[in-house]
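Participant: query-v7.tsv is reproduced below (TSV, C-alpha atoms and all ligand atoms).
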chain	number	residue	atom	x	y	z
A	26	MET	CA	-40.81	85.35	51.02
A	27	SER	CA	-43.93	83.37	51.86
A	28	GLU	CA	-43.67	80.77	54.56
A	29	ALA	CA	-42.82	77.19	53.61
A	30	LYS	CA	-45.94	75.06	53.15
A	31	GLN	CA	-46.21	72.00	55.37
A	32	LEU	CA	-48.05	68.81	54.67
A	33	SER	CA	-51.31	68.97	56.66
A	34	ALA	CA	-52.30	65.35	55.95
A	35	PRO	CA	-50.67	62.34	54.28
A	36	VAL	CA	-50.97	62.32	50.47
A	37	PRO	CA	-53.59	59.63	49.73
A	38	PRO	CA	-53.16	56.97	47.03
A	39	GLY	CA	-53.95	58.62	43.71
A	40	GLY	CA	-52.19	61.80	44.82
A	41	THR	CA	-49.23	63.30	42.98
A	42	ILE	CA	-45.62	63.52	44.11
A	43	GLY	CA	-43.62	66.09	42.15
A	44	ILE	CA	-39.97	65.22	41.55
A	45	LEU	CA	-37.41	67.82	40.49
A	46	GLY	CA	-34.90	66.10	38.25
A	47	GLY	CA	-35.34	63.40	35.67
A	48	GLY	CA	-32.22	61.21	35.90
A	49	GLN	CA	-32.07	57.60	37.01
A	50	LEU	CA	-32.83	58.53	40.62
A	51	GLY	CA	-36.01	60.35	39.54
A	52	ARG	CA	-36.86	57.37	37.38
A	53	MET	CA	-36.53	54.88	40.24
A	54	LEU	CA	-38.47	57.23	42.55
A	55	ALA	CA	-41.28	57.47	39.97
A	56	MET	CA	-41.46	53.68	39.70
A	57	ALA	CA	-41.56	53.37	43.50
A	58	ALA	CA	-44.38	55.96	43.66
A	59	ALA	CA	-46.37	54.03	41.05
A	60	ARG	CA	-45.97	50.86	43.10
A	61	LEU	CA	-47.56	52.66	46.04
A	62	GLY	CA	-50.50	53.92	43.96
A	63	LEU	CA	-49.12	57.46	43.79
A	64	LYS	CA	-48.51	59.44	40.63
A	65	ALA	CA	-45.12	60.95	39.89
A	66	HIS	CA	-44.84	64.28	38.08
A	67	ILE	CA	-41.28	64.76	36.82
A	68	PHE	CA	-39.88	68.27	36.28
A	69	SER	CA	-36.66	68.27	34.28
A	70	ASP	CA	-34.72	70.66	32.08
A	71	GLU	CA	-33.48	67.73	30.02
A	72	LYS	CA	-35.62	66.83	27.01
A	73	GLU	CA	-34.65	63.16	27.03
A	74	ALA	CA	-34.82	62.71	30.81
A	75	PRO	CA	-34.82	58.97	31.66
A	76	ALA	CA	-37.58	59.53	34.24
A	77	PHE	CA	-39.97	60.92	31.60
A	78	GLN	CA	-40.36	57.35	30.31
A	79	VAL	CA	-41.97	56.08	33.51
A	80	CYS	CA	-43.97	58.94	35.08
A	81	ALA	CA	-47.64	59.91	35.12
A	82	ALA	CA	-47.01	63.55	34.20
A	83	GLN	CA	-44.04	65.60	33.09
A	84	THR	CA	-42.81	69.17	32.70
A	85	TYR	CA	-39.86	69.95	30.46
A	86	ALA	CA	-38.70	73.42	31.49
A	87	SER	CA	-35.84	75.32	33.05
A	88	TYR	CA	-35.56	75.19	36.87
A	89	ARG	CA	-35.63	79.01	36.65
A	90	ASN	CA	-38.96	79.18	34.78
A	91	THR	CA	-41.23	80.69	37.45
A	92	GLU	CA	-44.47	80.11	35.54
A	93	ALA	CA	-43.63	76.46	34.88
A	94	LEU	CA	-42.69	75.99	38.55
A	95	LYS	CA	-46.00	77.51	39.72
A	96	GLU	CA	-47.99	75.28	37.42
A	97	PHE	CA	-45.99	72.25	38.59
A	98	ALA	CA	-46.64	73.16	42.24
A	99	ARG	CA	-50.39	73.43	41.56
A	100	ALA	CA	-50.39	69.97	39.98
A	101	CYS	CA	-48.60	68.28	42.94
A	102	ASP	CA	-49.59	67.36	46.51
A	103	ALA	CA	-45.95	67.25	47.66
A	104	VAL	CA	-42.63	67.95	45.95
A	105	THR	CA	-39.21	66.39	46.33
A	106	CYS	CA	-35.99	66.28	44.32
A	107	GLU	CA	-33.49	63.76	43.03
A	108	PHE	CA	-30.48	66.11	43.05
A	109	GLU	CA	-29.19	68.52	45.70
A	110	ASN	CA	-28.23	71.41	43.45
A	111	VAL	CA	-31.76	72.76	43.16
A	112	PRO	CA	-31.32	76.55	42.82
A	113	ALA	CA	-32.29	78.32	46.06
A	114	ASP	CA	-34.85	80.51	44.21
A	115	THR	CA	-36.49	77.42	42.72
A	116	ALA	CA	-36.82	75.81	46.15
A	117	ALA	CA	-38.17	79.08	47.60
A	118	ILE	CA	-40.84	79.50	44.89
A	119	LEU	CA	-42.02	75.91	45.25
A	120	SER	CA	-41.97	75.76	49.03
A	121	GLY	CA	-44.31	78.75	49.23
A	122	LEU	CA	-46.89	76.84	47.19
A	123	VAL	CA	-46.52	73.15	48.04
A	124	PRO	CA	-44.77	71.11	50.77
A	125	VAL	CA	-41.14	70.56	49.68
A	126	ASN	CA	-38.98	67.88	51.29
A	127	PRO	CA	-36.11	67.69	51.98
A	128	ASN	CA	-36.59	71.24	53.22
A	129	PRO	CA	-34.71	74.04	51.39
A	130	PRO	CA	-32.16	74.60	54.24
A	131	SER	CA	-31.14	70.91	53.98
A	132	LEU	CA	-30.55	71.37	50.26
A	133	SER	CA	-28.54	74.57	50.66
A	134	THR	CA	-26.37	73.06	53.43
A	135	ALA	CA	-25.45	70.14	51.20
A	136	GLN	CA	-24.79	72.39	48.18
A	137	GLU	CA	-21.79	74.12	49.69
A	138	ARG	CA	-18.96	71.93	50.92
A	139	PHE	CA	-17.55	74.42	53.41
A	140	GLU	CA	-20.96	75.10	54.93
A	141	GLU	CA	-21.67	71.38	54.97
A	142	LYS	CA	-18.41	70.40	56.67
A	143	THR	CA	-18.74	73.25	59.19
A	144	PHE	CA	-22.30	72.11	59.97
A	145	VAL	CA	-21.16	68.51	60.43
A	146	SER	CA	-18.21	69.36	62.66
A	147	ASN	CA	-20.37	71.73	64.75
A	148	LEU	CA	-22.52	68.69	65.52
A	149	GLY	CA	-19.44	67.11	67.09
A	150	LEU	CA	-18.98	64.63	64.24
A	151	ASN	CA	-15.58	63.86	62.73
A	152	THR	CA	-14.49	65.05	59.29
A	153	ALA	CA	-11.12	65.41	57.57
A	154	ALA	CA	-9.44	68.68	58.63
A	155	PHE	CA	-10.53	71.43	56.23
A	156	LEU	CA	-10.00	75.13	55.54
A	157	PRO	CA	-11.63	77.61	53.14
A	158	VAL	CA	-9.40	78.83	50.34
A	159	ASN	CA	-10.03	82.02	48.36
A	160	SER	CA	-6.66	82.78	46.80
A	161	ALA	CA	-3.49	81.05	45.63
A	162	ALA	CA	-1.64	82.41	48.68
A	163	GLU	CA	-4.35	81.04	50.97
A	164	ALA	CA	-4.10	77.67	49.25
A	165	GLY	CA	-0.37	77.54	50.03
A	166	SER	CA	-0.78	78.62	53.66
A	167	ALA	CA	-3.76	76.30	54.22
A	168	PHE	CA	-1.63	73.40	53.00
A	169	LYS	CA	0.94	74.21	55.69
A	170	VAL	CA	-1.70	74.65	58.41
A	171	LEU	CA	-3.11	71.20	57.57
A	172	GLY	CA	0.32	69.82	58.33
A	173	GLY	CA	1.70	69.13	54.86
A	174	GLY	CA	1.67	65.63	53.41
A	175	ARG	CA	-1.21	65.36	51.01
A	176	ALA	CA	-4.39	67.37	50.63
A	177	VAL	CA	-7.38	67.63	48.34
A	178	LEU	CA	-8.45	70.94	46.83
A	179	LYS	CA	-12.20	70.90	46.14
A	180	THR	CA	-14.70	73.35	44.70
A	181	ARG	CA	-17.20	74.46	47.32
A	182	ARG	CA	-20.12	74.06	44.91
A	183	LEU	CA	-21.22	71.69	42.15
A	184	GLY	CA	-18.62	68.96	42.65
A	185	TYR	CA	-19.67	65.34	42.28
A	186	ASP	CA	-18.04	62.03	41.28
A	187	GLY	CA	-14.63	63.65	41.89
A	188	LYS	CA	-15.32	66.50	39.48
A	189	GLY	CA	-13.83	69.74	40.78
A	190	GLN	CA	-11.05	68.08	42.82
A	191	ALA	CA	-7.27	68.07	42.75
A	192	ILE	CA	-4.85	66.16	44.98
A	193	VAL	CA	-1.85	68.31	45.97
A	194	GLU	CA	1.38	67.35	47.70
A	195	SER	CA	3.06	70.69	48.46
A	196	ALA	CA	2.19	74.31	49.23
A	197	ASP	CA	3.40	75.32	45.77
A	198	GLU	CA	1.27	72.66	44.12
A	199	ALA	CA	-1.74	73.86	46.13
A	200	ALA	CA	-1.18	77.44	44.97
A	201	THR	CA	-0.76	76.36	41.33
A	202	ALA	CA	-3.80	74.11	41.48
A	203	PHE	CA	-5.86	77.03	42.84
A	204	GLU	CA	-5.26	78.92	39.59
A	205	ASN	CA	-6.73	76.03	37.57
A	206	PHE	CA	-10.11	76.52	39.22
A	207	ASN	CA	-10.61	79.97	37.66
A	208	GLY	CA	-11.12	81.77	40.95
A	209	ALA	CA	-13.98	79.53	42.18
A	210	PRO	CA	-14.28	79.43	46.01
A	211	LEU	CA	-12.48	76.32	47.22
A	212	LEU	CA	-11.79	74.20	50.24
A	213	LEU	CA	-8.58	72.42	51.15
A	214	GLU	CA	-9.01	69.15	52.97
A	215	SER	CA	-6.50	66.72	54.47
A	216	PHE	CA	-6.13	63.60	52.38
A	217	VAL	CA	-7.60	60.70	54.34
A	218	ASP	CA	-5.70	57.48	53.97
A	219	PHE	CA	-8.84	55.49	54.62
A	220	ALA	CA	-9.08	51.72	54.98
A	221	PHE	CA	-12.34	51.77	53.02
A	222	GLU	CA	-15.37	53.90	52.26
A	223	ALA	CA	-18.89	53.27	53.50
A	224	SER	CA	-22.19	55.10	53.52
A	225	VAL	CA	-25.38	55.17	55.53
A	226	ILE	CA	-28.72	55.40	53.76
A	227	ALA	CA	-31.28	56.55	56.28
A	228	ALA	CA	-34.75	58.03	56.37
A	229	ARG	CA	-36.61	60.40	58.62
A	230	GLY	CA	-40.40	60.64	58.55
A	231	ILE	CA	-42.62	63.66	59.01
A	232	ASP	CA	-43.35	62.38	62.53
A	233	GLY	CA	-39.61	62.34	63.34
A	234	ALA	CA	-39.31	58.57	63.06
A	235	PHE	CA	-35.86	57.41	61.94
A	236	ALA	CA	-34.77	54.28	60.12
A	237	ALA	CA	-31.44	53.31	58.57
A	238	TYR	CA	-30.37	50.56	56.19
A	239	ASP	CA	-27.37	48.35	56.82
A	240	PRO	CA	-24.43	50.58	55.70
A	241	PRO	CA	-22.77	49.40	52.48
A	242	GLU	CA	-19.06	49.42	51.78
A	243	ASN	CA	-18.31	51.39	48.62
A	244	ASP	CA	-15.52	50.97	46.06
A	245	HIS	CA	-14.80	53.85	43.73
A	246	ARG	CA	-12.87	53.80	40.49
A	247	ALA	CA	-11.77	57.10	38.93
A	248	HIS	CA	-13.87	58.79	41.66
A	249	ILE	CA	-17.05	57.08	40.41
A	250	LEU	CA	-18.88	54.50	42.53
A	251	ARG	CA	-18.09	51.07	41.11
A	252	ARG	CA	-19.51	48.66	43.68
A	253	SER	CA	-21.49	48.66	46.91
A	254	THR	CA	-21.41	45.61	49.18
A	255	VAL	CA	-23.57	44.65	52.15
A	256	PRO	CA	-22.70	43.57	54.72
A	257	SER	CA	-19.62	45.79	54.85
A	258	ARG	CA	-16.46	45.31	56.90
A	259	LEU	CA	-17.87	47.64	59.59
A	260	THR	CA	-18.09	46.07	63.02
A	261	ALA	CA	-21.46	45.90	64.77
A	262	LEU	CA	-20.38	48.87	66.89
A	263	GLN	CA	-19.35	50.89	63.83
A	264	VAL	CA	-22.67	50.09	62.14
A	265	GLU	CA	-24.46	51.59	65.14
A	266	GLN	CA	-22.11	54.59	65.14
A	267	ALA	CA	-22.72	55.15	61.42
A	268	LYS	CA	-26.48	55.07	61.93
A	269	GLU	CA	-26.20	57.49	64.86
A	270	ILE	CA	-24.19	59.89	62.66
A	271	ALA	CA	-27.02	59.86	60.11
A	272	ARG	CA	-29.61	60.33	62.84
A	273	THR	CA	-27.75	63.29	64.34
A	274	ILE	CA	-27.54	64.99	60.93
A	275	ALA	CA	-31.15	64.25	59.97
A	276	GLU	CA	-32.49	65.57	63.28
A	277	ALA	CA	-30.37	68.73	63.15
A	278	LEU	CA	-31.72	69.49	59.67
A	279	ASP	CA	-35.33	68.59	60.64
A	280	TYR	CA	-34.97	66.41	57.59
A	281	VAL	CA	-37.82	64.53	55.89
A	282	GLY	CA	-36.98	61.86	53.31
A	283	VAL	CA	-34.02	59.62	52.55
A	284	LEU	CA	-30.51	60.95	52.97
A	285	CYS	CA	-27.09	59.43	52.49
A	286	VAL	CA	-24.01	60.15	54.58
A	287	GLU	CA	-20.74	59.15	52.91
A	288	LEU	CA	-18.05	58.01	55.31
A	289	PHE	CA	-14.32	57.34	55.34
A	290	VAL	CA	-13.34	54.48	57.65
A	291	THR	CA	-9.78	54.83	58.92
A	292	ALA	CA	-7.42	51.99	59.73
A	293	GLY	CA	-7.87	52.94	63.40
A	294	GLY	CA	-11.62	52.38	63.05
A	295	LYS	CA	-12.72	56.03	63.10
A	296	LEU	CA	-15.67	57.16	60.98
A	297	LEU	CA	-15.19	60.51	59.20
A	298	VAL	CA	-18.08	62.20	57.40
A	299	ASN	CA	-17.14	63.03	53.82
A	300	GLU	CA	-20.39	64.24	52.39
A	301	ILE	CA	-24.16	64.47	52.91
A	302	ALA	CA	-26.40	63.69	49.95
A	303	PRO	CA	-29.92	64.98	50.71
A	304	ARG	CA	-31.56	62.40	48.46
A	305	VAL	CA	-31.62	58.75	47.49
A	306	HIS	CA	-28.12	57.59	46.59
A	307	ASN	CA	-26.30	55.27	44.20
A	308	SER	CA	-24.86	53.31	47.14
A	309	GLY	CA	-28.43	52.41	48.15
A	310	HIS	CA	-29.61	50.89	44.87
A	311	TRP	CA	-29.19	47.35	46.25
A	312	THR	CA	-32.15	48.06	48.59
A	313	ILE	CA	-34.51	47.62	45.58
A	314	ASP	CA	-33.63	43.94	45.40
A	315	ALA	CA	-32.50	43.14	48.93
A	316	CYS	CA	-35.03	44.90	51.19
A	317	ALA	CA	-38.77	44.81	51.75
A	318	VAL	CA	-38.90	48.59	51.26
A	319	SER	CA	-36.27	50.15	48.99
A	320	GLN	CA	-34.66	53.53	49.53
A	321	PHE	CA	-36.94	54.82	46.74
A	322	GLY	CA	-40.15	53.49	48.30
A	323	GLN	CA	-38.95	54.79	51.65
A	324	HIS	CA	-38.33	58.28	50.28
A	325	ILE	CA	-41.75	58.41	48.63
A	326	ARG	CA	-43.37	57.25	51.91
A	327	ALA	CA	-41.55	59.97	53.87
A	328	VAL	CA	-42.32	62.89	51.55
A	329	ALA	CA	-45.94	61.74	51.20
A	330	GLY	CA	-46.23	61.90	54.99
A	331	TRP	CA	-46.69	58.14	55.31
A	332	PRO	CA	-45.11	56.05	58.08
A	333	LEU	CA	-41.62	54.77	57.23
A	334	GLY	CA	-41.33	51.19	56.05
A	335	SER	CA	-39.02	48.40	57.19
A	336	THR	CA	-35.34	48.78	56.31
A	337	GLU	CA	-34.73	45.10	56.95
A	338	ARG	CA	-32.45	43.34	54.50
A	339	HIS	CA	-33.41	39.78	53.47
A	340	SER	CA	-30.23	39.06	51.48
A	341	ASP	CA	-26.58	39.96	51.23
A	342	ALA	CA	-26.04	42.10	48.16
A	343	VAL	CA	-23.41	43.41	45.79
A	344	MET	CA	-24.40	46.23	43.46
A	345	GLU	CA	-22.24	46.99	40.44
A	346	ASN	CA	-22.68	50.08	38.30
A	347	ILE	CA	-22.75	49.83	34.52
A	348	ILE	CA	-20.71	52.81	33.39
A	349	GLY	CA	-20.25	54.35	29.92
A	350	GLU	CA	-19.19	51.88	27.23
A	351	GLU	CA	-19.99	48.90	29.48
A	352	ALA	CA	-23.62	49.43	28.44
A	353	ARG	CA	-22.84	48.96	24.72
A	354	ASP	CA	-23.05	45.16	24.72
A	355	TRP	CA	-26.48	44.92	26.32
A	356	GLN	CA	-26.88	41.30	25.23
A	357	ALA	CA	-23.87	40.30	27.32
A	358	LEU	CA	-25.34	42.23	30.28
A	359	VAL	CA	-28.68	40.50	29.93
A	360	ALA	CA	-26.89	37.16	29.84
A	361	ARG	CA	-24.85	37.84	33.00
A	362	GLY	CA	-27.64	37.09	35.44
A	363	GLY	CA	-28.25	39.06	38.60
A	364	SER	CA	-30.94	41.71	38.82
A	365	LEU	CA	-30.37	44.08	35.91
A	366	HIS	CA	-31.54	47.70	35.93
A	367	LEU	CA	-31.03	49.84	32.82
A	368	TYR	CA	-31.84	53.53	32.99
A	369	GLY	CA	-33.13	54.15	29.45
A	370	LYS	CA	-30.44	56.70	28.58
A	371	SER	CA	-30.35	57.29	24.84
A	372	GLU	CA	-26.67	58.18	24.67
A	373	ILE	CA	-23.58	56.47	26.09
A	374	ARG	CA	-20.95	58.91	27.40
A	375	PRO	CA	-17.68	58.22	29.25
A	376	GLY	CA	-18.31	57.99	32.98
A	377	ARG	CA	-22.08	58.13	32.55
A	378	LYS	CA	-24.10	55.82	34.82
A	379	MET	CA	-26.15	53.68	32.42
A	380	GLY	CA	-27.51	51.04	34.78
A	381	HIS	CA	-26.61	48.64	37.57
A	382	ILE	CA	-26.76	44.94	38.45
A	383	THR	CA	-27.48	43.63	41.94
A	384	TRP	CA	-26.27	40.19	42.96
A	385	LEU	CA	-28.09	38.64	45.90
A	386	THR	CA	-27.09	35.90	48.31
A	387	PRO	CA	-30.15	35.06	50.41
A	401	LIG	P1	-16.49	63.66	46.98
A	401	LIG	O1	-16.85	64.32	45.69
A	401	LIG	O2	-16.06	64.60	48.04
A	401	LIG	O3	-17.55	62.69	47.43
A	401	LIG	O4	-15.21	62.74	46.66
A	401	LIG	C1	-15.27	61.68	45.74
A	401	LIG	C2	-14.28	60.61	46.14
A	401	LIG	O5	-12.94	61.16	46.16
A	401	LIG	C3	-14.50	60.07	47.55
A	401	LIG	O6	-15.49	59.09	47.56
A	401	LIG	C4	-13.09	59.56	47.86
A	401	LIG	O7	-12.87	58.33	47.22
A	401	LIG	C5	-12.21	60.62	47.24
A	401	LIG	N1	-11.89	61.66	48.24
A	401	LIG	C6	-12.58	62.80	48.46
A	401	LIG	N2	-12.05	63.53	49.48
A	401	LIG	C7	-11.00	62.83	49.95
A	401	LIG	C8	-10.07	63.02	51.02
A	401	LIG	N3	-10.09	64.10	51.80
A	401	LIG	N4	-9.14	62.05	51.21
A	401	LIG	C9	-9.09	60.96	50.43
A	401	LIG	N5	-9.93	60.72	49.42
A	401	LIG	C10	-10.89	61.63	49.16
Since I need it in another form, could you write the structure as C-alpha cells?

Facilitator:
Amino acid sequence: MSEAKQLSAPVPPGGTIGILGGGQLGRMLAMAAARLGLKAHIFSDEKEAPAFQVCAAQTYASYRNTEALKEFARACDAVTCEFENVPADTAAILSGLVPVNPNPPSLSTAQERFEEKTFVSNLGLNTAAFLPVNSAAEAGSAFKVLGGGRAVLKTRRLGYDGKGQAIVESADEAATAFENFNGAPLLLESFVDFAFEASVIAARGIDGAFAAYDPPENDHRAHILRRSTVPSRLTALQVEQAKEIARTIAEALDYVGVLCVELFVTAGGKLLVNEIAPRVHNSGHWTIDACAVSQFGQHIRAVAGWPLGSTERHSDAVMENIIGEEARDWQALVARGGSLHLYGKSEIRPGRKMGHITWLTP
C-alpha cells in the first residue's frame, strides 16, 4: 500500500474539499466550505443525496468504484467524510492519492465497537464494563461475568441510533438474543443507569491545536437524538473533564478534524465514554446558530489545514430534531419560529432525520 498523503500546505480559497457521504452532515459541511470560499465535491452512492443540492461538484458512484475514487481524488485538494463506516479499502485508495482526514486508523477504530472501547479503556478513560461475544454460550457467560442485572448486546459493526442493540436481563435472554443477530460478532455491555447523556464536540488542527465546544446534554427518544441543550447540567469541573477526555482521544489518534465523544453521566458524577464519532455530529448542530465558528466550519478549517476557529458560544441553545412524519406539515414548522434547518430529503421515512430547529437565548 502506498503511504498516506499529507497536506503540505493549507488549501487556499478556491481549492476543493472532497466529502465522502452526501447526507445532511455532508450538506452542512458543503455549505460551511462555500462560506469559507472553498468548493465542496460530494461523493455519494445515493442518487438523491441531500448534499448534492448544495455542492460545487459531485460524484454519484459506489464507495467501491476504484476508478471513480481515483478521479475524485484527482479533483480534490483534501478529502474528508461525513460518516465513519467508510470501507477500509476506500480510505486506503484515497489516502494514497490525496490527504484524507480524519486519518484511516481513526475511522477503523470507530467502526468496531470492541476495538473502540478497548482503545478508550487503554487510554485510562472510563467506559461501561464490556466483553466480546461470539456465541450464544459466550453471551450467557458474559452476562454472568458482568455481574447480572441488565446488559446491552450490541453489534460490533454498523450500529447507529440504537440499531443493532438488545437489552437483556438474564443469561438465558442474552443467549437467546445472540441468535437473533444471525451470528454477527457482538459485544455485551453493562447497562448504565445514567443520570443523563452528554457529548463533547471537539476539534484538532493539523498543527495539533485543540478546541472544544461547551458540551451539550442530549435527550434520546427511541434511541434517536431528540434534543441537545447547552449549557448542560455538567458542573464546571465535569465540563473540563469532558473536554480532556476528547483531547486525550484526539491526541492518541493523531486526529485532524471535528470529533464527537458521547458520554454517560452517572448519578455519582462519573463520565463514561459510550462512543466516538470521528466526524461532525447531530449533537453539535446548535453550533451553527450559537457560535462564531460552527462545528462544520471548524471541520472544514481543520481538514483544509487552516488554523482552528473560536468555539465560543454567544447564546444558550436548544436544538430539536425534526424526525420522520414531523416534517410533513412544513408550514407549521416554518411558523414555529426558531432557526429552522431542513435537509432537502425527498422522502419522509420513520425515524429519518429531516431537519432541526435551534432555539437561542442570547
Ligand atoms: P449507541 O448506538 O451505542 O450510541 O447507543 C444509542 C443509545 O442507546 C445511547 O445514546 C443510550 O441512550 C443507549 N445505550 C447504549 N448503550 C447503553 C448502555 N450500556 N447503558 C444504557 N444505555 C445505553

Participant: Counting all atoms listed in the file, which of A:Leu297, A:Ala228, A:Leu32, A:Ala275 gets nearest to ligand LIG 401 (chain A)?

Facilitator: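 Of A:Leu297, A:Ala228, A:Leu32, A:Ala275, the one nearest ligand LIG 401 (chain A) is A:Leu297, counting all atoms listed in the file.
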
Participant: Could you pull out the residues sitting within 8 Å of ligand LIG 401 (chain A), using all atoms listed in the file, and write them as a count of residues only?

Facilitator: 27

Participant: Which residue gives the smallest distance to Ala315 of chain A among A:Ile118, A:Ala360, A:Ala59, A:Met344, with only C-alpha atoms counted?

Facilitator: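 Closest residue, counting only C-alpha atoms: A:Met344.
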
Participant: Enumerate, as a list in words, the protein, DNA and RNA residues whose atoms approach (-40.1, 58.3, 56.4) to within 7 Å, taking into account all atoms listed in the file and the coordinate frame of the file.

Facilitator: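 Checking each residue against the 7 Å limit leaves Ala228, Arg229, Gly230, Ile231, Ala234, Val281, Gly282, Gln323, His324, Arg326, Ala327, Trp331, Pro332 and Leu333 of chain A.
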
Participant: Can you tell me which residues surround segment 99-114 of chain A at a distance of at most 6 Å, considering all atoms listed in the file, apart from same-chain residues fewer than 4 positions away, and format the answer as a list in words?

Facilitator: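 Counting only the stated atoms, we get Thr41, Ile42, Gly43, Ile44, Leu45, Gly46, Leu50, Gly51, Val123, Pro124, Val125, Asn126, Leu132, Gln136 and Arg304 of chain A.
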
Participant: Do you know which residues are at most 6 Å from segment 370-380 of chain A counting only C-alpha atoms, after dropping those on the same chain fewer than 3 positions away, and could you put them as an NGL selection string?

Facilitator: :A and (75 or 347-349 or 366-367)

Participant: Just segment 168-175 of chain A from the block, all heavy atoms, as a short mmCIF file (atom, residue, chain, number, x, y, z; two decimals), in the first residue's frame, could you?

Facilitator:
data_model
loop_
_atom_site.label_atom_id
_atom_site.label_comp_id
_atom_site.auth_asym_id
_atom_site.auth_seq_id
_atom_site.Cartn_x
_atom_site.Cartn_y
_atom_site.Cartn_z
N PHE A 168 -22.77 -12.41 30.43
CA PHE A 168 -23.80 -11.76 31.26
C PHE A 168 -23.48 -11.97 32.74
O PHE A 168 -23.55 -11.04 33.54
CB PHE A 168 -25.19 -12.32 30.92
CG PHE A 168 -26.29 -11.63 31.67
CD1 PHE A 168 -26.88 -10.49 31.17
CD2 PHE A 168 -26.71 -12.11 32.92
CE1 PHE A 168 -27.89 -9.83 31.88
CE2 PHE A 168 -27.71 -11.46 33.63
CZ PHE A 168 -28.30 -10.32 33.11
N LYS A 169 -23.07 -13.22 33.06
CA LYS A 169 -22.75 -13.52 34.47
C LYS A 169 -21.49 -12.78 34.91
O LYS A 169 -21.43 -12.24 36.02
CB LYS A 169 -22.58 -15.03 34.66
CG LYS A 169 -23.93 -15.76 34.54
CD LYS A 169 -23.74 -17.26 34.63
CE LYS A 169 -25.02 -17.98 34.21
NZ LYS A 169 -24.75 -19.30 33.64
N VAL A 170 -20.48 -12.76 34.03
CA VAL A 170 -19.22 -12.07 34.39
C VAL A 170 -19.48 -10.59 34.67
O VAL A 170 -18.88 -10.00 35.57
CB VAL A 170 -18.15 -12.24 33.27
CG1 VAL A 170 -16.92 -11.41 33.58
CG2 VAL A 170 -17.79 -13.71 33.09
N LEU A 171 -20.40 -9.99 33.89
CA LEU A 171 -20.69 -8.56 34.10
C LEU A 171 -21.50 -8.33 35.37
O LEU A 171 -21.79 -7.18 35.71
CB LEU A 171 -21.43 -7.98 32.89
CG LEU A 171 -20.63 -7.87 31.59
CD1 LEU A 171 -21.46 -7.20 30.50
CD2 LEU A 171 -19.33 -7.11 31.78
N GLY A 172 -21.87 -9.41 36.03
CA GLY A 172 -22.50 -9.25 37.34
C GLY A 172 -24.01 -9.30 37.33
O GLY A 172 -24.65 -8.92 38.31
N GLY A 173 -24.60 -9.77 36.22
CA GLY A 173 -26.06 -9.88 36.17
C GLY A 173 -26.72 -8.53 36.07
O GLY A 173 -26.11 -7.56 35.63
N GLY A 174 -27.97 -8.44 36.51
CA GLY A 174 -28.70 -7.17 36.39
C GLY A 174 -29.17 -7.00 34.97
O GLY A 174 -29.88 -7.83 34.44
N ARG A 175 -28.69 -5.93 34.35
CA ARG A 175 -29.11 -5.64 32.98
C ARG A 175 -27.89 -5.44 32.11
O ARG A 175 -26.87 -4.93 32.59
CB ARG A 175 -29.86 -4.32 33.00
CG ARG A 175 -31.34 -4.45 32.82
CD ARG A 175 -31.92 -3.10 33.14
NE ARG A 175 -33.04 -2.87 32.27
CZ ARG A 175 -33.62 -1.69 32.10
NH1 ARG A 175 -33.15 -0.64 32.72
NH2 ARG A 175 -34.65 -1.56 31.32
#
